[in-house]
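Each remark here refers to the structure printed beneath this line.
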Amino acid sequence: MHSQTHSIPHKPEDQPAGDEPLVTVRLTVNDRPVERVTSARRLLSDFLRHELGLRGTHVGCEHGVCGCCTVLLDGRSARSCLLLAAQCEGATVTTVEGLSPDDGGLNPVQAAFRESHALQCGFCTPGFIVTVTEFLRENAGRTDFTDDEIREGLSGNLCRCTGYQNIVTAVRRAAELMEREG
Ligand code: FES
Ligand code: FES
């Protein structure tokens, strides 16, 4: 995989226009029930960031390409920029904030990213943390990943800074930490 040289645009704040149809959306987000009246066209990514204040979910391309906005939707990774909040009625959403321990510490994936210097600007990092969490859940108990397996597993997430090798190292390290924790 090649590193990205283009810059990922940061999305400005946006608000639904006053004349947009409204819907009531009920979700479970990071283990808490949420109910909001919002625009029927509100993206899940904007709903999380602007209505729930969960700004750990980053928005880069808004076209399903960069993976920055990845969350777990009913336990599976999903690009929140490609979903309407209203589409997710009744679903369970986990954002990067919901993956962190309640004591404010780091989970094994986050600890491995820090230890392995797997981030620079950090814009892509929440999306990677979510994707790696799913990848390691699907491969629970394994620590013998090849670089190619890891790169394939993370191929939907783009990073413009790191060149990816330290991210690959972090995934292997996270697997070791999780194995050690049992
Ligand atoms: S913001 Fe790039 S995939 Fe969603
Ligand atoms: S985009 Fe900067 S660390 Fe990945």
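Labels used: A, B, ... for chains in the order of the structure tokens, numbers from 1 for residues in each chain, and numbers from 1 for ligands as shown.
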For chain A against ligand 1, with a cut-off of 9 Å and counting only C-alpha atoms and all ligand atoms, what is the closest atom pair and its distance in Å to one decimal for every residue that makes the cut, ordered by chain and number, as a tab-separated table?
residue	atom	partner	partner_atom_place_in_ligand_line	distance
A:Ile8	CA	ligand 1	2 (Fe)	8.6
A:Lys11	CA	ligand 1	1 (S)	8.9
A:Ser45	CA	ligand 1	4 (Fe)	7.8
A:Thr57	CA	ligand 1	1 (S)	9.0
A:His58	CA	ligand 1	1 (S)	6.8
A:Val59	CA	ligand 1	1 (S)	4.0
A:Gly60	CA	ligand 1	1 (S)	4.1
A:Cys61	CA	ligand 1	2 (Fe)	3.9
A:Glu62	CA	ligand 1	1 (S)	3.9
A:His63	CA	ligand 1	3 (S)	5.5
A:Gly64	CA	ligand 1	3 (S)	3.3
A:Val65	CA	ligand 1	3 (S)	4.3
A:Cys66	CA	ligand 1	2 (Fe)	3.8
A:Gly67	CA	ligand 1	3 (S)	4.0
A:Cys68	CA	ligand 1	2 (Fe)	5.2
A:Cys69	CA	ligand 1	4 (Fe)	4.5
A:Thr70	CA	ligand 1	4 (Fe)	6.7
A:Ala78	CA	ligand 1	4 (Fe)	8.9
A:Arg79	CA	ligand 1	4 (Fe)	5.1
A:Ser80	CA	ligand 1	4 (Fe)	6.0
A:Cys81	CA	ligand 1	4 (Fe)	4.3
A:Leu82	CA	ligand 1	4 (Fe)	6.5
A:Gly127	CA	ligand 1	3 (S)	8.9
A:Gly156	CA	ligand 1	3 (S)	8.3
A:Asn157	CA	ligand 1	3 (S)	7.9
A:Leu158	CA	ligand 1	2 (Fe)	8.6
Those same residues - N, CA and C atoms - I'd like them written as a PDB file, in the first residue's frame.
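Output file again_5.pdb is given in full below:
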ATOM      1  N   ILE A   8      -6.301  15.473   3.604  1.00  0.00           N
ATOM      2  CA  ILE A   8      -7.691  15.120   3.855  1.00  0.00           C
ATOM      3  C   ILE A   8      -8.386  16.381   4.358  1.00  0.00           C
ATOM      4  N   LYS A  11     -13.912  18.748   7.626  1.00  0.00           N
ATOM      5  CA  LYS A  11     -15.241  19.229   7.315  1.00  0.00           C
ATOM      6  C   LYS A  11     -15.630  20.357   8.260  1.00  0.00           C
ATOM      7  N   SER A  45     -22.358  10.382  10.794  1.00  0.00           N
ATOM      8  CA  SER A  45     -21.122  11.020  11.260  1.00  0.00           C
ATOM      9  C   SER A  45     -21.399  12.391  11.863  1.00  0.00           C
ATOM     10  N   THR A  57     -14.969  10.620  16.246  1.00  0.00           N
ATOM     11  CA  THR A  57     -15.259  10.143  14.892  1.00  0.00           C
ATOM     12  C   THR A  57     -14.932  11.272  13.928  1.00  0.00           C
ATOM     13  N   HIS A  58     -13.866  11.097  13.167  1.00  0.00           N
ATOM     14  CA  HIS A  58     -13.423  12.157  12.262  1.00  0.00           C
ATOM     15  C   HIS A  58     -14.067  11.999  10.886  1.00  0.00           C
ATOM     16  N   VAL A  59     -14.146  13.118  10.195  1.00  0.00           N
ATOM     17  CA  VAL A  59     -14.720  13.121   8.851  1.00  0.00           C
ATOM     18  C   VAL A  59     -13.679  13.681   7.896  1.00  0.00           C
ATOM     19  N   GLY A  60     -13.264  12.860   6.938  1.00  0.00           N
ATOM     20  CA  GLY A  60     -12.263  13.291   5.967  1.00  0.00           C
ATOM     21  C   GLY A  60     -12.881  13.479   4.603  1.00  0.00           C
ATOM     22  N   CYS A  61     -13.091  12.379   3.895  1.00  0.00           N
ATOM     23  CA  CYS A  61     -13.507  12.461   2.497  1.00  0.00           C
ATOM     24  C   CYS A  61     -15.010  12.625   2.314  1.00  0.00           C
ATOM     25  N   GLU A  62     -15.784  12.113   3.262  1.00  0.00           N
ATOM     26  CA  GLU A  62     -17.260  12.083   3.160  1.00  0.00           C
ATOM     27  C   GLU A  62     -17.753  11.264   1.976  1.00  0.00           C
ATOM     28  N   HIS A  63     -16.907  10.416   1.438  1.00  0.00           N
ATOM     29  CA  HIS A  63     -17.317   9.601   0.289  1.00  0.00           C
ATOM     30  C   HIS A  63     -17.010   8.122   0.490  1.00  0.00           C
ATOM     31  N   GLY A  64     -16.776   7.717   1.713  1.00  0.00           N
ATOM     32  CA  GLY A  64     -16.549   6.301   1.954  1.00  0.00           C
ATOM     33  C   GLY A  64     -15.180   5.809   1.566  1.00  0.00           C
ATOM     34  N   VAL A  65     -14.233   6.719   1.392  1.00  0.00           N
ATOM     35  CA  VAL A  65     -12.914   6.328   0.879  1.00  0.00           C
ATOM     36  C   VAL A  65     -11.857   6.229   1.969  1.00  0.00           C
ATOM     37  N   CYS A  66     -11.845   7.170   2.914  1.00  0.00           N
ATOM     38  CA  CYS A  66     -10.678   7.292   3.802  1.00  0.00           C
ATOM     39  C   CYS A  66     -10.770   6.459   5.081  1.00  0.00           C
ATOM     40  N   GLY A  67     -11.972   6.120   5.517  1.00  0.00           N
ATOM     41  CA  GLY A  67     -12.134   5.302   6.726  1.00  0.00           C
ATOM     42  C   GLY A  67     -12.025   6.073   8.041  1.00  0.00           C
ATOM     43  N   CYS A  68     -11.804   7.386   7.968  1.00  0.00           N
ATOM     44  CA  CYS A  68     -11.656   8.176   9.204  1.00  0.00           C
ATOM     45  C   CYS A  68     -12.913   8.125  10.072  1.00  0.00           C
ATOM     46  N   CYS A  69     -14.062   7.950   9.442  1.00  0.00           N
ATOM     47  CA  CYS A  69     -15.345   8.049  10.144  1.00  0.00           C
ATOM     48  C   CYS A  69     -15.853   6.693  10.618  1.00  0.00           C
ATOM     49  N   THR A  70     -14.996   5.681  10.619  1.00  0.00           N
ATOM     50  CA  THR A  70     -15.434   4.320  10.918  1.00  0.00           C
ATOM     51  C   THR A  70     -15.931   4.189  12.356  1.00  0.00           C
ATOM     52  N   ALA A  78     -18.454   0.251  10.096  1.00  0.00           N
ATOM     53  CA  ALA A  78     -19.266   0.927   9.089  1.00  0.00           C
ATOM     54  C   ALA A  78     -18.759   2.352   8.950  1.00  0.00           C
ATOM     55  N   ARG A  79     -18.923   2.893   7.751  1.00  0.00           N
ATOM     56  CA  ARG A  79     -18.499   4.275   7.491  1.00  0.00           C
ATOM     57  C   ARG A  79     -19.668   5.192   7.789  1.00  0.00           C
ATOM     58  N   SER A  80     -19.505   5.972   8.837  1.00  0.00           N
ATOM     59  CA  SER A  80     -20.647   6.765   9.288  1.00  0.00           C
ATOM     60  C   SER A  80     -20.963   7.918   8.356  1.00  0.00           C
ATOM     61  N   CYS A  81     -20.050   8.228   7.407  1.00  0.00           N
ATOM     62  CA  CYS A  81     -20.340   9.294   6.438  1.00  0.00           C
ATOM     63  C   CYS A  81     -21.236   8.791   5.320  1.00  0.00           C
ATOM     64  N   LEU A  82     -21.443   7.493   5.234  1.00  0.00           N
ATOM     65  CA  LEU A  82     -22.273   6.933   4.169  1.00  0.00           C
ATOM     66  C   LEU A  82     -23.645   6.531   4.668  1.00  0.00           C
ATOM     67  N   GLY A 127     -10.404   6.094  13.265  1.00  0.00           N
ATOM     68  CA  GLY A 127     -10.909   5.103  12.311  1.00  0.00           C
ATOM     69  C   GLY A 127     -10.079   3.829  12.336  1.00  0.00           C
ATOM     70  N   GLY A 156      -9.035  -0.519   4.067  1.00  0.00           N
ATOM     71  CA  GLY A 156     -10.070   0.501   3.892  1.00  0.00           C
ATOM     72  C   GLY A 156      -9.811   1.776   4.660  1.00  0.00           C
ATOM     73  N   ASN A 157      -8.690   1.839   5.362  1.00  0.00           N
ATOM     74  CA  ASN A 157      -8.356   3.045   6.130  1.00  0.00           C
ATOM     75  C   ASN A 157      -7.097   3.671   5.550  1.00  0.00           C
ATOM     76  N   LEU A 158      -7.160   4.950   5.280  1.00  0.00           N
ATOM     77  CA  LEU A 158      -6.022   5.656   4.694  1.00  0.00           C
ATOM     78  C   LEU A 158      -5.340   6.539   5.728  1.00  0.00           C
TER      79      LEU A 158
END
With 6 Å as the cut-off and only C-alpha atoms and all ligand atoms counted, what is the closest atom pair between each nearby residue of chain A and ligand 2? Distances in Å to one decimal, ordered by chain and number, as a tab-separated table.
residue	atom	partner	partner_atom_place_in_ligand_line	distance
A:Leu119	CA	ligand 2	3 (S)	4.2
A:Gln120	CA	ligand 2	3 (S)	4.0
A:Cys121	CA	ligand 2	2 (Fe)	3.9
A:Gly122	CA	ligand 2	3 (S)	4.2
A:Phe123	CA	ligand 2	1 (S)	5.0
A:Cys124	CA	ligand 2	4 (Fe)	4.4
A:Cys159	CA	ligand 2	4 (Fe)	3.7
A:Arg160	CA	ligand 2	1 (S)	4.2
A:Cys161	CA	ligand 2	2 (Fe)	4.3
A:Thr162	CA	ligand 2	3 (S)	5.7
Run DSSP on the backbone and grab whatever in chain A lands in helix (DSSP H, G or I); send it over as JSON, numbers by chain. {"A": [44, 45, 46, 47, 48, 49, 50, 51, 80, 81, 82, 85, 86, 87, 88, 96, 97, 98, 99, 108, 109, 110, 111, 112, 113, 114, 115, 125, 126, 127, 128, 129, 130, 131, 132, 133, 134, 135, 136, 137, 138, 147, 148, 149, 150, 151, 152, 153, 165, 166, 167, 168, 169, 170, 171, 172, 173, 174, 175, 176, 177, 178, 179, 180, 181]}
Which residues come within 12 Å of Glu20 in chain A, counting only C-alpha atoms, excluding same-chain residues fewer than 5 positions away, as a list in words? Gln15, Val37, Thr38, Ser39, Ala40, Arg41 and Arg42 of chain A
With C-alpha atoms retained, could you export that selection as a JSON list (two decimals), in the first residue's frame?
[["chain", "number", "residue", "atom", "x", "y", "z"],
["A", 15, "GLN", "CA", -26.28, 22.41, 10.73],
["A", 37, "VAL", "CA", -35.12, 14.88, 16.69],
["A", 38, "THR", "CA", -32.92, 15.56, 13.70],
["A", 39, "SER", "CA", -32.95, 16.17, 9.98],
["A", 40, "ALA", "CA", -34.00, 13.16, 7.93],
["A", 41, "ARG", "CA", -30.86, 13.85, 5.86],
["A", 42, "ARG", "CA", -28.48, 14.04, 8.83]]
Contacts of Thr169 in chain A at 12 Å (only C-alpha atoms; same-chain gap of 6+ positions) as an MDAnalysis selection string: chainID A and resid 109 112:119 132 143:148 150:151 162:163 175:176
As a PyMOL selection string, please: every residue in chain A that DSSP puts in strand (DSSP E). chain A and resi 22-29+32-39+70-73+76-79+92-94
Store the residues picked out above in a file with C-alpha atoms, as a PDB file, in the first residue's frame.
ATOM      1  CA  LEU A  22     -37.293  16.090  10.834  1.00  0.00           C
ATOM      2  CA  VAL A  23     -37.331  12.581  12.230  1.00  0.00           C
ATOM      3  CA  THR A  24     -36.885  11.114  15.674  1.00  0.00           C
ATOM      4  CA  VAL A  25     -33.843   8.853  15.872  1.00  0.00           C
ATOM      5  CA  ARG A  26     -33.308   6.404  18.709  1.00  0.00           C
ATOM      6  CA  LEU A  27     -29.957   4.677  19.020  1.00  0.00           C
ATOM      7  CA  THR A  28     -27.781   3.084  21.632  1.00  0.00           C
ATOM      8  CA  VAL A  29     -24.449   4.888  21.461  1.00  0.00           C
ATOM      9  CA  ARG A  32     -26.231   4.731  26.386  1.00  0.00           C
ATOM     10  CA  PRO A  33     -29.730   5.192  24.915  1.00  0.00           C
ATOM     11  CA  VAL A  34     -29.990   8.311  22.768  1.00  0.00           C
ATOM     12  CA  GLU A  35     -33.078   9.943  21.304  1.00  0.00           C
ATOM     13  CA  ARG A  36     -32.906  13.076  19.163  1.00  0.00           C
ATOM     14  CA  VAL A  37     -35.121  14.877  16.693  1.00  0.00           C
ATOM     15  CA  THR A  38     -32.916  15.561  13.701  1.00  0.00           C
ATOM     16  CA  SER A  39     -32.952  16.172   9.978  1.00  0.00           C
ATOM     17  CA  THR A  70     -15.434   4.320  10.918  1.00  0.00           C
ATOM     18  CA  VAL A  71     -17.652   3.234  13.812  1.00  0.00           C
ATOM     19  CA  LEU A  72     -19.052  -0.117  14.885  1.00  0.00           C
ATOM     20  CA  LEU A  73     -22.697  -0.473  13.885  1.00  0.00           C
ATOM     21  CA  ARG A  76     -19.553  -4.404  12.494  1.00  0.00           C
ATOM     22  CA  SER A  77     -17.392  -1.624  11.145  1.00  0.00           C
ATOM     23  CA  ALA A  78     -19.266   0.927   9.089  1.00  0.00           C
ATOM     24  CA  ARG A  79     -18.499   4.275   7.491  1.00  0.00           C
ATOM     25  CA  THR A  92     -26.155   0.004  18.517  1.00  0.00           C
ATOM     26  CA  VAL A  93     -23.257   2.288  17.660  1.00  0.00           C
ATOM     27  CA  THR A  94     -19.816   2.208  19.213  1.00  0.00           C
TER      28      THR A  94
END
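Closest approach to Ala86 in chain A among A:Leu106, A:Leu43, A:Val130, A:Leu54: A:Leu43, based on only C-alpha atoms.
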To one decimal in Å, tell me the separation between CA of Asn30 in chain A and CA of Thr95 in chain A. 6.6 Å
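Across the structure, CA of Leu177 in chain A and CA of Pro108 in chain A are spaced 5.9 Å apart.
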Shortest interatomic distance to Ala174 in chain A - which of A:Asp103, A:Thr125, A:Gly90, A:Ala111, counting only C-alpha atoms: A:Ala111
Would you mind reading off the distance between CA of Arg142 in chain A and CA of Asp102 in chain A, one decimal, in Å? 26.1 Å
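Non-sequential neighbours of Gly141 in chain A (distance at most 10 Å, separation of 3 or more positions within a chain, only C-alpha atoms) are Leu136, Arg137, Glu138, Asp144, Ala175, Glu176, Met178, Glu179, Arg180 and Gly182 of chain A.
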Restricted to all heavy atoms, what would the selected residues look like written as a PDB file, in the first residue's frame?
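Output contents, as saved in selection-v6.pdb:
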ATOM      1  N   LEU A 136      -9.067  -7.547  15.168  1.00  0.00           N
ATOM      2  CA  LEU A 136      -8.525  -8.429  16.208  1.00  0.00           C
ATOM      3  C   LEU A 136      -9.625  -9.267  16.881  1.00  0.00           C
ATOM      4  O   LEU A 136      -9.364 -10.375  17.328  1.00  0.00           O
ATOM      5  CB  LEU A 136      -7.739  -7.615  17.237  1.00  0.00           C
ATOM      6  CG  LEU A 136      -6.437  -7.001  16.693  1.00  0.00           C
ATOM      7  CD1 LEU A 136      -5.752  -6.144  17.745  1.00  0.00           C
ATOM      8  CD2 LEU A 136      -5.481  -8.088  16.193  1.00  0.00           C
ATOM      9  N   ARG A 137     -10.827  -8.740  16.917  1.00  0.00           N
ATOM     10  CA  ARG A 137     -11.944  -9.555  17.421  1.00  0.00           C
ATOM     11  C   ARG A 137     -12.203 -10.724  16.486  1.00  0.00           C
ATOM     12  O   ARG A 137     -12.477 -11.841  16.917  1.00  0.00           O
ATOM     13  CB  ARG A 137     -13.223  -8.710  17.517  1.00  0.00           C
ATOM     14  CG  ARG A 137     -13.323  -7.913  18.789  1.00  0.00           C
ATOM     15  CD  ARG A 137     -14.666  -7.197  18.843  1.00  0.00           C
ATOM     16  NE  ARG A 137     -14.668  -6.224  19.914  1.00  0.00           N
ATOM     17  CZ  ARG A 137     -15.495  -5.191  19.987  1.00  0.00           C
ATOM     18  NH1 ARG A 137     -16.399  -4.996  19.036  1.00  0.00           N
ATOM     19  NH2 ARG A 137     -15.427  -4.367  21.002  1.00  0.00           N
ATOM     20  N   GLU A 138     -12.137 -10.450  15.189  1.00  0.00           N
ATOM     21  CA  GLU A 138     -12.400 -11.506  14.204  1.00  0.00           C
ATOM     22  C   GLU A 138     -11.269 -12.521  14.159  1.00  0.00           C
ATOM     23  O   GLU A 138     -11.444 -13.621  13.624  1.00  0.00           O
ATOM     24  CB  GLU A 138     -12.593 -10.889  12.815  1.00  0.00           C
ATOM     25  CG  GLU A 138     -13.912 -10.152  12.690  1.00  0.00           C
ATOM     26  CD  GLU A 138     -14.101  -9.530  11.320  1.00  0.00           C
ATOM     27  OE1 GLU A 138     -13.108  -9.436  10.561  1.00  0.00           O
ATOM     28  OE2 GLU A 138     -15.232  -9.127  11.027  1.00  0.00           O
ATOM     29  N   ASP A 144       0.169 -14.140  15.143  1.00  0.00           N
ATOM     30  CA  ASP A 144       1.169 -14.480  14.127  1.00  0.00           C
ATOM     31  C   ASP A 144       0.852 -13.872  12.763  1.00  0.00           C
ATOM     32  O   ASP A 144       1.155 -14.453  11.722  1.00  0.00           O
ATOM     33  CB  ASP A 144       1.253 -16.010  13.988  1.00  0.00           C
ATOM     34  CG  ASP A 144      -0.092 -16.620  13.570  1.00  0.00           C
ATOM     35  OD1 ASP A 144      -1.125 -15.904  13.650  1.00  0.00           O
ATOM     36  OD2 ASP A 144      -0.108 -17.802  13.160  1.00  0.00           O
ATOM     37  N   ALA A 175      -2.252  -7.268  19.376  1.00  0.00           N
ATOM     38  CA  ALA A 175      -2.618  -8.682  19.499  1.00  0.00           C
ATOM     39  C   ALA A 175      -1.869  -9.335  20.652  1.00  0.00           C
ATOM     40  O   ALA A 175      -2.444 -10.118  21.417  1.00  0.00           O
ATOM     41  CB  ALA A 175      -2.327  -9.403  18.172  1.00  0.00           C
ATOM     42  N   GLU A 176      -0.604  -8.987  20.787  1.00  0.00           N
ATOM     43  CA  GLU A 176       0.192  -9.549  21.903  1.00  0.00           C
ATOM     44  C   GLU A 176      -0.344  -9.061  23.248  1.00  0.00           C
ATOM     45  O   GLU A 176      -0.460  -9.837  24.197  1.00  0.00           O
ATOM     46  CB  GLU A 176       1.660  -9.118  21.763  1.00  0.00           C
ATOM     47  CG  GLU A 176       2.380  -9.777  20.599  1.00  0.00           C
ATOM     48  CD  GLU A 176       3.734  -9.124  20.329  1.00  0.00           C
ATOM     49  OE1 GLU A 176       4.125  -8.192  21.057  1.00  0.00           O
ATOM     50  OE2 GLU A 176       4.376  -9.554  19.355  1.00  0.00           O
ATOM     51  N   MET A 178      -3.357  -8.089  23.966  1.00  0.00           N
ATOM     52  CA  MET A 178      -4.664  -8.700  24.241  1.00  0.00           C
ATOM     53  C   MET A 178      -4.492 -10.158  24.657  1.00  0.00           C
ATOM     54  O   MET A 178      -5.200 -10.647  25.545  1.00  0.00           O
ATOM     55  CB  MET A 178      -5.562  -8.572  23.001  1.00  0.00           C
ATOM     56  CG  MET A 178      -5.964  -7.131  22.752  1.00  0.00           C
ATOM     57  SD  MET A 178      -6.676  -6.829  21.129  1.00  0.00           S
ATOM     58  CE  MET A 178      -8.344  -7.373  21.369  1.00  0.00           C
ATOM     59  N   GLU A 179      -3.562 -10.839  24.023  1.00  0.00           N
ATOM     60  CA  GLU A 179      -3.285 -12.240  24.390  1.00  0.00           C
ATOM     61  C   GLU A 179      -2.792 -12.304  25.837  1.00  0.00           C
ATOM     62  O   GLU A 179      -3.200 -13.183  26.602  1.00  0.00           O
ATOM     63  CB  GLU A 179      -2.219 -12.788  23.426  1.00  0.00           C
ATOM     64  CG  GLU A 179      -1.726 -14.191  23.741  1.00  0.00           C
ATOM     65  CD  GLU A 179      -2.675 -15.247  23.186  1.00  0.00           C
ATOM     66  OE1 GLU A 179      -3.766 -14.862  22.721  1.00  0.00           O
ATOM     67  OE2 GLU A 179      -2.327 -16.433  23.242  1.00  0.00           O
ATOM     68  N   ARG A 180      -1.946 -11.350  26.196  1.00  0.00           N
ATOM     69  CA  ARG A 180      -1.383 -11.329  27.554  1.00  0.00           C
ATOM     70  C   ARG A 180      -2.483 -11.061  28.592  1.00  0.00           C
ATOM     71  O   ARG A 180      -2.487 -11.616  29.678  1.00  0.00           O
ATOM     72  CB  ARG A 180      -0.322 -10.230  27.633  1.00  0.00           C
ATOM     73  CG  ARG A 180       0.692 -10.432  28.725  1.00  0.00           C
ATOM     74  CD  ARG A 180       1.748  -9.369  28.670  1.00  0.00           C
ATOM     75  NE  ARG A 180       2.620  -9.482  27.512  1.00  0.00           N
ATOM     76  CZ  ARG A 180       3.517  -8.573  27.174  1.00  0.00           C
ATOM     77  NH1 ARG A 180       3.639  -7.465  27.862  1.00  0.00           N
ATOM     78  NH2 ARG A 180       4.293  -8.761  26.134  1.00  0.00           N
ATOM     79  N   GLY A 182      -5.485 -11.886  28.262  1.00  0.00           N
ATOM     80  CA  GLY A 182      -6.396 -13.037  28.250  1.00  0.00           C
ATOM     81  C   GLY A 182      -7.785 -12.578  27.863  1.00  0.00           C
ATOM     82  O   GLY A 182      -8.791 -13.096  28.257  1.00  0.00           O
TER      83      GLY A 182
END
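Proximity of A:Tyr164, A:Phe135, A:Pro126, A:Gly98 to Asp31 in chain A, computed with only C-alpha atoms, is greatest for A:Gly98.
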